[in-house]
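One file, final_3.csv, is given below (CSV, C-alpha atoms and all ligand atoms).
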chain,number,residue,atom,x,y,z
A,1,MET,CA,-117.4,30.5,66.1
A,2,LYS,CA,-119.7,30.0,63.1
A,3,LYS,CA,-118.3,26.6,62.6
A,4,LYS,CA,-118.9,25.5,66.2
A,5,GLN,CA,-122.5,26.7,66.1
A,6,LEU,CA,-123.1,24.9,62.9
A,7,SER,CA,-121.9,21.6,64.2
A,8,ARG,CA,-123.8,21.8,67.5
A,9,ARG,CA,-126.9,22.6,65.4
A,10,GLN,CA,-126.1,19.6,63.2
A,11,LEU,CA,-125.8,17.3,66.2
A,12,TRP,CA,-129.0,18.5,67.6
A,13,ARG,CA,-130.8,18.0,64.2
A,14,ILE,CA,-129.4,14.5,63.9
A,15,GLN,CA,-130.4,13.6,67.5
A,16,LYS,CA,-133.9,15.0,66.8
A,17,MET,CA,-134.2,12.9,63.6
A,18,GLN,CA,-133.0,9.8,65.4
A,19,ASP,CA,-135.5,10.3,68.2
A,20,ALA,CA,-138.2,10.7,65.6
A,21,TYR,CA,-137.2,7.5,63.7
A,22,ALA,CA,-137.0,5.5,66.9
A,23,GLU,CA,-140.4,6.7,67.9
A,24,ARG,CA,-141.8,5.8,64.5
A,25,ALA,CA,-140.1,2.5,64.4
A,26,ALA,CA,-141.4,1.7,67.9
A,27,LYS,CA,-144.9,2.4,66.8
A,28,LYS,CA,-144.4,-0.3,64.0
A,29,GLU,CA,-147.5,0.7,62.2
A,30,ALA,CA,-146.7,4.4,62.1
A,31,ARG,CA,-149.5,5.1,59.7
A,32,ALA,CA,-152.1,3.3,61.7
A,33,GLU,CA,-154.2,5.7,63.6
A,34,ILE,CA,-154.7,5.5,67.3
A,35,PRO,CA,-158.4,4.3,67.8
A,36,LEU,CA,-160.8,7.2,67.9
A,37,SER,CA,-162.2,5.9,71.2
A,38,SER,CA,-159.1,7.0,72.9
A,39,SER,CA,-160.1,10.7,72.9
A,40,PRO,CA,-157.7,13.0,74.8
A,41,ASN,CA,-157.9,12.6,78.6
A,42,THR,CA,-158.0,16.2,79.6
A,43,THR,CA,-156.6,15.5,83.0
A,44,GLN,CA,-153.4,14.1,81.5
A,45,LEU,CA,-152.7,16.8,78.9
A,46,GLY,CA,-149.4,18.7,79.1
A,47,ALA,CA,-148.9,22.4,79.2
A,48,GLU,CA,-149.8,24.5,76.2
A,49,GLN,CA,-146.8,24.8,73.9
A,50,LYS,CA,-145.8,25.7,70.4
A,51,GLY,CA,-145.4,23.0,67.8
A,52,ILE,CA,-145.2,22.4,64.1
A,53,VAL,CA,-147.4,20.1,62.0
A,54,ILE,CA,-145.3,17.2,60.6
A,55,SER,CA,-148.2,15.6,58.8
A,56,ASN,CA,-152.0,15.5,58.9
A,57,PHE,CA,-153.5,12.0,58.5
A,58,GLY,CA,-157.2,13.1,58.4
A,59,GLN,CA,-158.5,12.6,61.9
A,60,GLN,CA,-155.1,12.9,63.6
A,61,LEU,CA,-151.9,14.8,63.2
A,62,ASP,CA,-148.3,14.4,64.1
A,63,ILE,CA,-147.1,17.5,65.9
A,64,GLU,CA,-143.4,18.2,66.8
A,65,ALA,CA,-142.8,20.2,69.9
A,66,LEU,CA,-140.7,23.3,69.2
A,67,GLU,CA,-140.1,24.3,72.7
A,68,GLY,CA,-140.0,22.9,76.3
A,69,ASP,CA,-138.4,19.8,77.8
A,70,ASN,CA,-140.0,17.6,75.0
A,71,GLN,CA,-138.6,19.8,72.2
A,72,GLY,CA,-138.1,17.7,69.1
A,73,SER,CA,-140.4,14.9,70.1
A,74,ILE,CA,-143.4,14.1,68.0
A,75,PHE,CA,-146.9,13.8,69.4
A,76,ARG,CA,-150.0,12.3,67.9
A,77,CYS,CA,-152.8,14.8,68.3
A,78,PHE,CA,-156.5,15.5,67.6
A,79,GLN,CA,-157.4,19.0,66.6
A,80,ARG,CA,-160.2,21.0,68.1
A,81,SER,CA,-163.1,21.2,65.7
A,82,ASN,CA,-163.1,25.0,65.5
A,83,ILE,CA,-159.7,25.0,63.8
A,84,ASP,CA,-159.5,25.0,60.0
A,85,SER,CA,-157.7,22.2,58.2
A,86,LEU,CA,-154.0,22.1,59.3
A,87,VAL,CA,-151.2,21.0,56.9
A,88,ALA,CA,-147.5,20.1,57.2
A,89,GLY,CA,-145.6,23.2,58.1
A,90,ASP,CA,-148.4,24.9,60.1
A,91,TYR,CA,-147.4,26.3,63.5
A,92,VAL,CA,-149.8,25.4,66.3
A,93,ILE,CA,-150.4,25.6,70.0
A,94,PHE,CA,-150.9,22.1,71.4
A,95,GLN,CA,-151.0,20.1,74.5
A,96,ALA,CA,-149.1,16.8,74.5
A,97,GLY,CA,-151.0,13.7,75.8
A,98,ASP,CA,-150.7,10.0,76.0
A,99,PRO,CA,-151.8,8.4,73.7
A,100,VAL,CA,-153.1,11.5,72.0
A,101,GLY,CA,-152.8,15.2,72.6
A,102,VAL,CA,-154.8,18.0,71.3
A,103,VAL,CA,-154.1,21.0,69.0
A,104,ILE,CA,-155.9,24.0,70.5
A,105,ALA,CA,-154.9,26.8,68.1
A,106,ALA,CA,-153.5,27.4,64.7
A,107,LEU,CA,-150.9,30.2,64.3
A,108,PRO,CA,-151.1,32.5,61.3
A,109,ARG,CA,-149.5,31.3,58.0
A,110,GLU,CA,-146.7,33.1,56.1
A,111,ASN,CA,-147.9,31.4,53.0
A,112,PHE,CA,-149.3,28.1,51.8
A,113,LEU,CA,-149.6,25.9,48.8
A,114,GLU,CA,-153.0,24.7,47.7
A,115,ARG,CA,-154.5,22.2,45.2
A,116,PRO,CA,-157.9,21.8,43.6
A,117,ALA,CA,-160.2,19.7,45.7
A,118,GLY,CA,-163.1,19.5,43.1
A,119,MET,CA,-166.1,21.7,42.7
A,120,GLY,CA,-163.8,24.7,42.1
A,121,GLU,CA,-162.6,24.5,45.7
A,122,LEU,CA,-158.9,24.7,46.7
A,123,ARG,CA,-157.4,23.0,49.7
A,124,PRO,CA,-154.2,23.9,51.4
A,125,VAL,CA,-151.5,21.2,51.3
A,126,ALA,CA,-148.5,22.7,53.0
A,127,ALA,CA,-147.7,26.0,54.9
A,128,ASN,CA,-144.9,28.3,55.7
A,129,ILE,CA,-142.7,27.3,52.7
A,130,ASP,CA,-139.6,29.5,52.1
A,131,GLN,CA,-138.2,28.0,49.0
A,132,LEU,CA,-139.3,26.1,45.9
A,133,ALA,CA,-136.5,24.0,44.3
A,134,ILE,CA,-137.4,23.6,40.6
A,135,VAL,CA,-135.4,20.6,39.4
A,136,ILE,CA,-134.4,20.2,35.8
A,137,ALA,CA,-131.8,17.9,34.2
A,138,PRO,CA,-130.1,17.4,30.8
A,139,VAL,CA,-132.3,14.3,30.6
A,140,PRO,CA,-135.3,14.4,30.4
A,141,GLU,CA,-134.9,17.5,28.3
A,142,PRO,CA,-136.2,20.6,30.1
A,143,PHE,CA,-139.4,22.4,29.0
A,144,ALA,CA,-139.0,26.1,29.6
A,145,ASN,CA,-142.7,26.4,29.8
A,146,LEU,CA,-142.9,24.0,32.8
A,147,ILE,CA,-140.2,26.0,34.6
A,148,ASP,CA,-142.1,29.2,33.9
A,149,ARG,CA,-145.3,27.6,35.3
A,150,TYR,CA,-143.5,26.8,38.5
A,151,LEU,CA,-142.1,30.3,38.7
A,152,VAL,CA,-145.5,31.9,38.3
A,153,ALA,CA,-146.9,29.6,41.1
A,154,ALA,CA,-143.9,30.5,43.3
A,155,GLU,CA,-144.4,34.2,42.8
A,156,HIS,CA,-148.1,33.8,43.4
A,157,TYR,CA,-147.7,31.8,46.6
A,158,ARG,CA,-144.7,34.0,47.7
A,159,ILE,CA,-142.2,31.3,47.8
A,160,HIS,CA,-138.6,32.0,46.7
A,161,PRO,CA,-137.7,29.8,43.7
A,162,LEU,CA,-134.4,28.2,43.1
A,163,LEU,CA,-133.4,26.5,39.8
A,164,LEU,CA,-131.6,23.2,40.3
A,165,LEU,CA,-129.9,21.6,37.3
A,166,ASN,CA,-129.4,18.1,38.5
A,167,LYS,CA,-127.4,15.4,36.7
A,168,SER,CA,-124.6,17.8,36.0
A,169,ASP,CA,-122.5,14.7,35.3
A,170,LEU,CA,-124.5,14.3,32.1
A,171,ILE,CA,-123.6,17.7,30.7
A,172,ASN,CA,-121.5,17.2,27.6
A,173,ASP,CA,-120.6,19.1,24.4
A,174,ASP,CA,-123.9,18.2,22.8
A,175,ASN,CA,-126.1,19.7,25.4
A,176,ARG,CA,-124.0,22.3,27.2
A,177,ALA,CA,-124.8,25.3,25.1
A,178,ALA,CA,-128.5,24.7,25.1
A,179,LEU,CA,-128.6,24.2,28.9
A,180,ASP,CA,-126.4,27.3,29.5
A,181,ASP,CA,-128.7,29.4,27.2
A,182,LEU,CA,-131.8,28.2,29.1
A,183,LEU,CA,-130.3,28.9,32.6
A,184,ALA,CA,-129.0,32.2,31.5
A,185,ILE,CA,-132.5,33.4,30.9
A,186,TYR,CA,-133.3,32.8,34.6
A,187,GLU,CA,-130.0,34.0,35.9
A,188,ARG,CA,-130.4,37.3,34.1
A,189,ILE,CA,-133.8,38.0,35.7
A,190,GLY,CA,-132.4,37.3,39.1
A,191,TYR,CA,-133.3,33.7,40.0
A,192,PRO,CA,-130.6,31.6,41.8
A,193,VAL,CA,-129.4,28.7,39.7
A,194,LEU,CA,-127.4,25.8,41.0
A,195,ARG,CA,-125.8,22.9,39.1
A,196,VAL,CA,-125.7,19.7,41.1
A,197,SER,CA,-125.4,15.9,40.7
A,198,SER,CA,-127.1,13.6,43.2
A,199,LYS,CA,-125.0,10.9,41.6
A,200,SER,CA,-121.5,12.4,41.8
A,201,GLY,CA,-122.2,14.7,44.8
A,202,ASP,CA,-121.2,17.7,42.7
A,203,GLY,CA,-122.7,20.9,44.1
A,204,LEU,CA,-124.5,19.2,47.0
A,205,ALA,CA,-122.6,21.2,49.6
A,206,GLY,CA,-123.7,24.4,47.9
A,207,LEU,CA,-127.3,23.1,47.8
A,208,LYS,CA,-127.2,22.2,51.5
A,209,ALA,CA,-126.1,25.7,52.3
A,210,MET,CA,-129.1,27.0,50.3
A,211,LEU,CA,-131.5,24.7,52.3
A,212,ASP,CA,-130.2,25.7,55.7
A,213,ASP,CA,-132.7,27.4,57.9
A,214,LYS,CA,-135.4,27.2,55.2
A,215,THR,CA,-138.4,25.0,54.5
A,216,SER,CA,-138.2,23.8,50.9
A,217,VAL,CA,-140.4,22.0,48.4
A,218,PHE,CA,-138.9,20.1,45.4
A,219,VAL,CA,-140.7,20.1,42.1
A,220,GLY,CA,-140.0,19.2,38.5
A,221,GLN,CA,-140.9,16.7,35.8
A,222,SER,CA,-140.7,13.0,36.4
A,223,GLY,CA,-137.2,11.5,36.0
A,224,VAL,CA,-135.2,14.7,36.7
A,225,GLY,CA,-133.9,13.1,40.0
A,226,LYS,CA,-136.0,14.7,42.7
A,227,SER,CA,-136.2,11.5,44.7
A,228,ALA,CA,-132.5,10.8,44.2
A,229,LEU,CA,-131.6,14.4,45.4
A,230,ILE,CA,-133.9,14.2,48.4
A,231,ASN,CA,-132.5,10.8,49.3
A,232,ALA,CA,-128.9,12.2,49.0
A,233,LEU,CA,-129.9,15.0,51.3
A,234,LEU,CA,-132.0,12.8,53.7
A,235,PRO,CA,-129.6,9.9,54.1
A,236,ASP,CA,-131.9,7.6,56.2
A,237,ALA,CA,-133.6,5.8,53.4
A,238,ASN,CA,-136.0,4.2,55.7
A,239,THR,CA,-137.6,7.5,56.6
A,240,ALA,CA,-138.0,8.3,53.0
A,241,GLU,CA,-139.5,5.0,52.1
A,242,GLY,CA,-143.2,5.2,51.2
A,243,GLN,CA,-143.2,8.9,51.8
A,244,LEU,CA,-140.8,10.0,49.1
A,245,SER,CA,-141.3,7.2,46.6
A,246,GLU,CA,-143.7,8.1,43.9
A,247,ALA,CA,-143.6,4.6,42.5
A,248,GLY,CA,-144.9,3.3,45.8
A,249,ASP,CA,-147.9,5.5,45.4
A,250,LYS,CA,-149.0,4.5,42.0
A,251,GLY,CA,-152.0,2.3,42.0
A,252,ARG,CA,-152.9,3.3,45.5
A,253,HIS,CA,-156.1,5.3,45.9
A,254,THR,CA,-155.2,7.2,49.0
A,255,THR,CA,-153.2,10.4,48.6
A,256,THR,CA,-150.2,10.4,50.9
A,257,SER,CA,-150.5,13.6,52.9
A,258,ALA,CA,-147.6,16.0,52.8
A,259,ARG,CA,-144.9,15.4,55.4
A,260,LEU,CA,-142.2,17.6,56.9
A,261,PHE,CA,-138.7,16.2,57.2
A,262,HIS,CA,-135.6,17.7,58.7
A,263,PHE,CA,-132.4,17.6,56.7
A,264,PRO,CA,-129.6,16.5,59.0
A,265,ASP,CA,-127.4,19.5,57.9
A,266,GLY,CA,-130.2,21.9,58.6
A,267,GLY,CA,-133.4,23.1,56.9
A,268,ASP,CA,-136.6,21.3,56.4
A,269,LEU,CA,-138.3,19.6,53.4
A,270,ILE,CA,-142.0,19.3,52.9
A,271,ASP,CA,-142.7,16.5,50.5
A,272,SER,CA,-145.4,14.2,49.1
A,273,PRO,CA,-145.9,13.4,45.4
A,274,GLY,CA,-149.2,15.5,45.4
A,275,ILE,CA,-147.5,18.6,46.6
A,276,ARG,CA,-145.3,18.6,43.5
A,277,GLU,CA,-148.3,19.3,41.3
A,278,PHE,CA,-148.8,23.0,40.9
A,279,HIS,CA,-152.0,24.2,39.4
A,280,LEU,CA,-152.4,27.5,37.7
A,281,GLU,CA,-155.8,27.3,36.0
A,282,HIS,CA,-157.5,29.3,38.8
A,283,LEU,CA,-155.1,32.2,38.6
A,284,ASP,CA,-156.2,35.4,36.9
A,285,ARG,CA,-154.4,37.4,34.2
A,286,GLU,CA,-153.0,39.9,36.5
A,287,THR,CA,-151.4,37.2,38.7
A,288,LEU,CA,-150.0,35.6,35.6
A,289,GLU,CA,-148.5,38.9,34.3
A,290,ASN,CA,-146.9,39.5,37.7
A,291,GLY,CA,-145.7,36.0,37.8
A,292,PHE,CA,-143.2,36.9,35.1
A,293,ILE,CA,-141.1,39.1,37.4
A,294,GLU,CA,-139.2,40.9,34.5
A,295,PHE,CA,-142.6,41.9,33.0
A,296,ARG,CA,-143.5,44.0,36.0
A,297,GLU,CA,-141.8,47.2,35.1
A,298,TYR,CA,-143.6,47.2,31.7
A,299,LEU,CA,-147.1,46.5,33.0
A,300,GLY,CA,-149.5,49.3,32.7
A,301,ARG,CA,-147.5,50.9,29.9
A,302,CYS,CA,-149.2,49.4,26.9
A,303,LYS,CA,-151.4,51.6,24.7
A,304,PHE,CA,-154.5,49.7,25.6
A,305,ARG,CA,-155.3,49.2,29.3
A,306,ASP,CA,-156.7,45.7,28.6
A,307,CYS,CA,-153.7,44.7,26.4
A,308,ARG,CA,-153.3,41.0,26.2
A,309,HIS,CA,-149.7,41.5,24.9
A,310,ASP,CA,-150.5,39.5,21.8
A,311,LYS,CA,-151.7,41.3,18.6
A,312,GLU,CA,-152.3,44.7,20.1
A,313,PRO,CA,-150.3,47.7,18.8
A,314,GLY,CA,-148.3,49.8,21.2
A,315,CYS,CA,-147.6,46.8,23.5
A,316,SER,CA,-144.8,47.6,25.9
A,317,LEU,CA,-144.0,44.0,26.5
A,318,LYS,CA,-143.7,43.2,22.8
A,319,ALA,CA,-141.4,46.3,22.4
A,320,ALA,CA,-139.2,44.9,25.3
A,321,VAL,CA,-139.0,41.5,23.5
A,322,ALA,CA,-138.0,43.3,20.3
A,323,SER,CA,-135.2,45.1,22.1
A,324,ASN,CA,-134.1,41.9,23.8
A,325,GLU,CA,-134.9,43.2,27.3
A,326,ILE,CA,-137.4,40.3,27.7
A,327,SER,CA,-136.7,36.9,26.4
A,328,GLU,CA,-138.7,35.6,23.5
A,329,ALA,CA,-139.1,32.2,25.2
A,330,ARG,CA,-140.5,33.8,28.4
A,331,MET,CA,-143.0,35.7,26.2
A,332,ALA,CA,-144.0,32.5,24.4
A,333,SER,CA,-144.5,30.8,27.8
A,334,PHE,CA,-146.6,33.7,29.0
A,335,ARG,CA,-148.9,33.4,26.0
A,336,LEU,CA,-149.1,29.6,26.3
A,337,ILE,CA,-150.1,29.8,30.0
A,338,GLY,CA,-152.5,32.6,29.3
A,339,GLN,CA,-154.5,30.3,27.0
A,340,THR,CA,-155.0,27.8,29.9
A,341,LEU,CA,-156.5,30.2,32.4
A,342,GLU,CA,-160.1,29.7,33.2
A,343,ASN,CA,-160.8,33.4,33.1
B,401,LIG,N1,-126.6,10.5,35.8
B,401,LIG,C1,-127.4,10.8,36.8
B,401,LIG,N2,-128.5,10.2,37.0
B,401,LIG,C2,-129.3,10.6,38.0
B,401,LIG,C3,-128.9,11.6,38.9
B,401,LIG,N3,-129.9,11.8,39.8
B,401,LIG,C4,-130.9,10.9,39.5
B,401,LIG,N4,-130.5,10.1,38.4
B,401,LIG,C5,-131.3,9.0,37.8
B,401,LIG,O1,-132.4,9.6,37.2
B,401,LIG,C6,-133.5,8.7,37.2
B,401,LIG,C7,-134.7,9.4,37.8
B,401,LIG,O2,-134.4,9.7,39.2
B,401,LIG,P1,-135.6,9.9,40.2
B,401,LIG,O3,-135.0,10.4,41.5
B,401,LIG,O4,-136.5,8.8,40.3
B,401,LIG,O5,-136.4,11.1,39.5
B,401,LIG,P2,-137.8,11.8,40.0
B,401,LIG,O6,-138.8,11.3,39.1
B,401,LIG,O7,-137.6,13.3,39.7
B,401,LIG,O8,-138.0,11.6,41.5
B,401,LIG,C8,-133.0,7.5,38.1
B,401,LIG,O9,-132.7,6.5,37.2
B,401,LIG,C9,-131.8,8.1,38.8
B,401,LIG,O10,-130.8,7.1,39.1
B,401,LIG,C10,-127.7,12.3,38.7
B,401,LIG,O11,-127.3,13.2,39.3
B,401,LIG,N5,-126.9,11.8,37.6
B,402,MG,MG,-139.4,10.6,42.4
B,403,ZN,ZN,-149.2,44.8,26.1
Translate the structure described by the file into structure tokens.
Ligand SMILES: Nc1nc2c(ncn2[C@@H]2O[C@H](COP(=O)(O)OP(=O)(O)O)[C@@H](O)[C@H]2O)c(=O)[nH]1
Ligand SMILES: [Mg+2]
Ligand SMILES: [Zn+2]
Amino acid sequence: MKKKQLSRRQLWRIQKMQDAYAERAAKKEARAEIPLSSSPNTTQLGAEQKGIVISNFGQQLDIEALEGDNQGSIFRCFQRSNIDSLVAGDYVIFQAGDPVGVVIAALPRENFLERPAGMGELRPVAANIDQLAIVIAPVPEPFANLIDRYLVAAEHYRIHPLLLLNKSDLINDDNRAALDDLLAIYERIGYPVLRVSSKSGDGLAGLKAMLDDKTSVFVGQSGVGKSALINALLPDANTAEGQLSEAGDKGRHTTTSARLFHFPDGGDLIDSPGIREFHLEHLDRETLENGFIEFREYLGRCKFRDCRHDKEPGCSLKAAVASNEISEARMASFRLIGQTLEN
């Protein structure tokens, strides 16, 4: 039974993707906006229906219908001016139209990612994200501190993290012990860890299963194989082109807006180079402390209420490090990130 359901679902996903590609290809200049003069003709708008934001181009958005006869089709839409800025992954109520429809309401978000927009402002970049795939590799050598920064952000934005060691084909006797030690820290505190290779295909089936039914974002330092992994999972390279290629974005001044993709085997990806930059500077100390999930049971137990878990006597976190309940490396990361906070 399960198997049959899965393959039906796969076929539906693939059909949906193919429709979307065909539509985009037909538009030729998919990025070119429909002229503003063609405002929605209210007499030709379809029924109100639920949709999801695929991408926001500024003045216009691509909305995919989630129900009705046109389910799976993508519609170019304006949004009513009383709606706050919409981002990839947002659920909306919209009316399809030709050439443009209209978004009439935004539905509540489960969560969202945001980035600094200058002047101390933060702007949402993607919404309703279930999972953050933090990609590392034997080469370039992983920085525990960077992993910990992503984890703090994931906890803060309430997104489930997943550690992905890509390039498992490059694991050898020289690097195996160090990689195992690093990953053991995260396995021990309860984070899922997967070893995969976009090159050999090793572990990709397990990864696909983890992505199924979820909306994921991939992050990690340059060169770890994020694009290679995403391309292996989203086989139609043409779709990915320009959207997933960071190289293509260098030297351009426009920031490519985040875009939602459907994996053919299930699950969604929200991607754009900008979405992979997580910022922590605006977080407060309490958020940072809680971002280290294994610290939580010790918080509030230090001798001093305002303990910075640094030089203070009677620090419960330092005692936990001394007794090996908290990893030394995680504690070092915590201190390092703490130094970068604005307040
Ligand atoms: N050996 C090996 N190389 C890989 C693998 N995945 C990616 N690469 C290589 O790593 C380099 C960086 O990959 P890329 O996807 O551009 O990384 P990104 O910067 O994280 O997007 C490229 O030369 C890839 O061919 C893998 O699983 N095994
Ligand atoms: Mg890349
Ligand atoms: Zn303390």
> Pick the closest to ligand MG 402 (chain B) from A:Val135, A:Ala205, A:Ile293, A:Leu288: which is it, counting all atoms listed in the file?
Replying inline: A:Val135
> Can you find the residues with an atom no farther than 10 Å from (-141.8, 33.9, 45.7), counting all atoms listed in the file, and report them as an MDAnalysis selection string?
Replying inline: chainID A and resid 111 129:132 151:162 291 293
>> (-127.5, 12.3, 42.1) in this file's frame - what residues fall within 12 Å of it? Use all atoms listed in the file and give the answer as an MDAnalysis selection string.
In response: chainID A and resid 135 137 164:170 195:204 223:233
Using all atoms listed in the file, what does the table of chain A residues within 10 Å of ligand ZN 403 (chain B) look like, with each row giving the shortest atom pair and its distance in Å to one decimal, sorted by chain and ascending number, as a Markdown table?
| residue | atom | partner | partner_atom | distance |
| --- | --- | --- | --- | --- |
| A:Phe295 | CA | B:ZN403 | ZN | 10.0 |
| A:Tyr298 | CA | B:ZN403 | ZN | 8.3 |
| A:Leu299 | CA | B:ZN403 | ZN | 7.4 |
| A:Gly300 | CA | B:ZN403 | ZN | 8.0 |
| A:Arg301 | CA | B:ZN403 | ZN | 7.4 |
| A:Cys302 | CA | B:ZN403 | ZN | 4.7 |
| A:Lys303 | CA | B:ZN403 | ZN | 7.3 |
| A:Phe304 | CA | B:ZN403 | ZN | 7.2 |
| A:Arg305 | CA | B:ZN403 | ZN | 8.2 |
| A:Asp306 | CA | B:ZN403 | ZN | 8.0 |
| A:Cys307 | CA | B:ZN403 | ZN | 4.5 |
| A:Arg308 | CA | B:ZN403 | ZN | 5.6 |
| A:His309 | CA | B:ZN403 | ZN | 3.5 |
| A:Asp310 | CA | B:ZN403 | ZN | 6.9 |
| A:Lys311 | CA | B:ZN403 | ZN | 8.6 |
| A:Glu312 | CA | B:ZN403 | ZN | 6.8 |
| A:Pro313 | CA | B:ZN403 | ZN | 7.9 |
| A:Gly314 | CA | B:ZN403 | ZN | 7.1 |
| A:Cys315 | CA | B:ZN403 | ZN | 3.6 |
| A:Ser316 | CA | B:ZN403 | ZN | 5.2 |
| A:Leu317 | CA | B:ZN403 | ZN | 5.3 |
| A:Lys318 | CA | B:ZN403 | ZN | 6.6 |
| A:Ala319 | CA | B:ZN403 | ZN | 8.8 |
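Ranking A:Gly68, A:Ala332, A:Ser327, A:Lys214 by their shortest atom-to-atom distance to Asp181 of chain A, with only C-alpha atoms included, puts A:Ser327 first.
Distance annotation: of A:Asn172, A:Gln95, A:Thr287, A:Gln59, the residue with the minimal separation from Ile74 of chain A is A:Gln95; atom set is only C-alpha atoms.
For the atom pair formed by atom CA of Thr256 of chain A and atom CA of Glu342 of chain A, the distance is 28.0 Å, given to one decimal.
The shortest atom-to-atom distance to ligand LIG 401 (chain B), with all atoms listed in the file taken into account, belongs to A:Asp271 out of A:Asp271, A:Glu110, A:Glu67, A:Asp84.
Reported to one decimal place, the separation of atom CA of Pro108 of chain A from atom CA of Asn290 of chain A is 25.0 Å.
Proximity of A:Gly101, A:Gly46, A:Pro116, A:Pro124 to Ala88 of chain A, computed with all atoms listed in the file, is greatest for A:Pro124.
Atom pair atom CA of Gly220 of chain A / atom CA of Phe112 of chain A: separated by 18.5 Å.
Of the residues under consideration (A:Ala65, A:Val219, A:Met331, A:Leu269), A:Val219 shows the shortest atom-to-atom contact distance to ligand MG 402 (chain B) when counting all atoms listed in the file.
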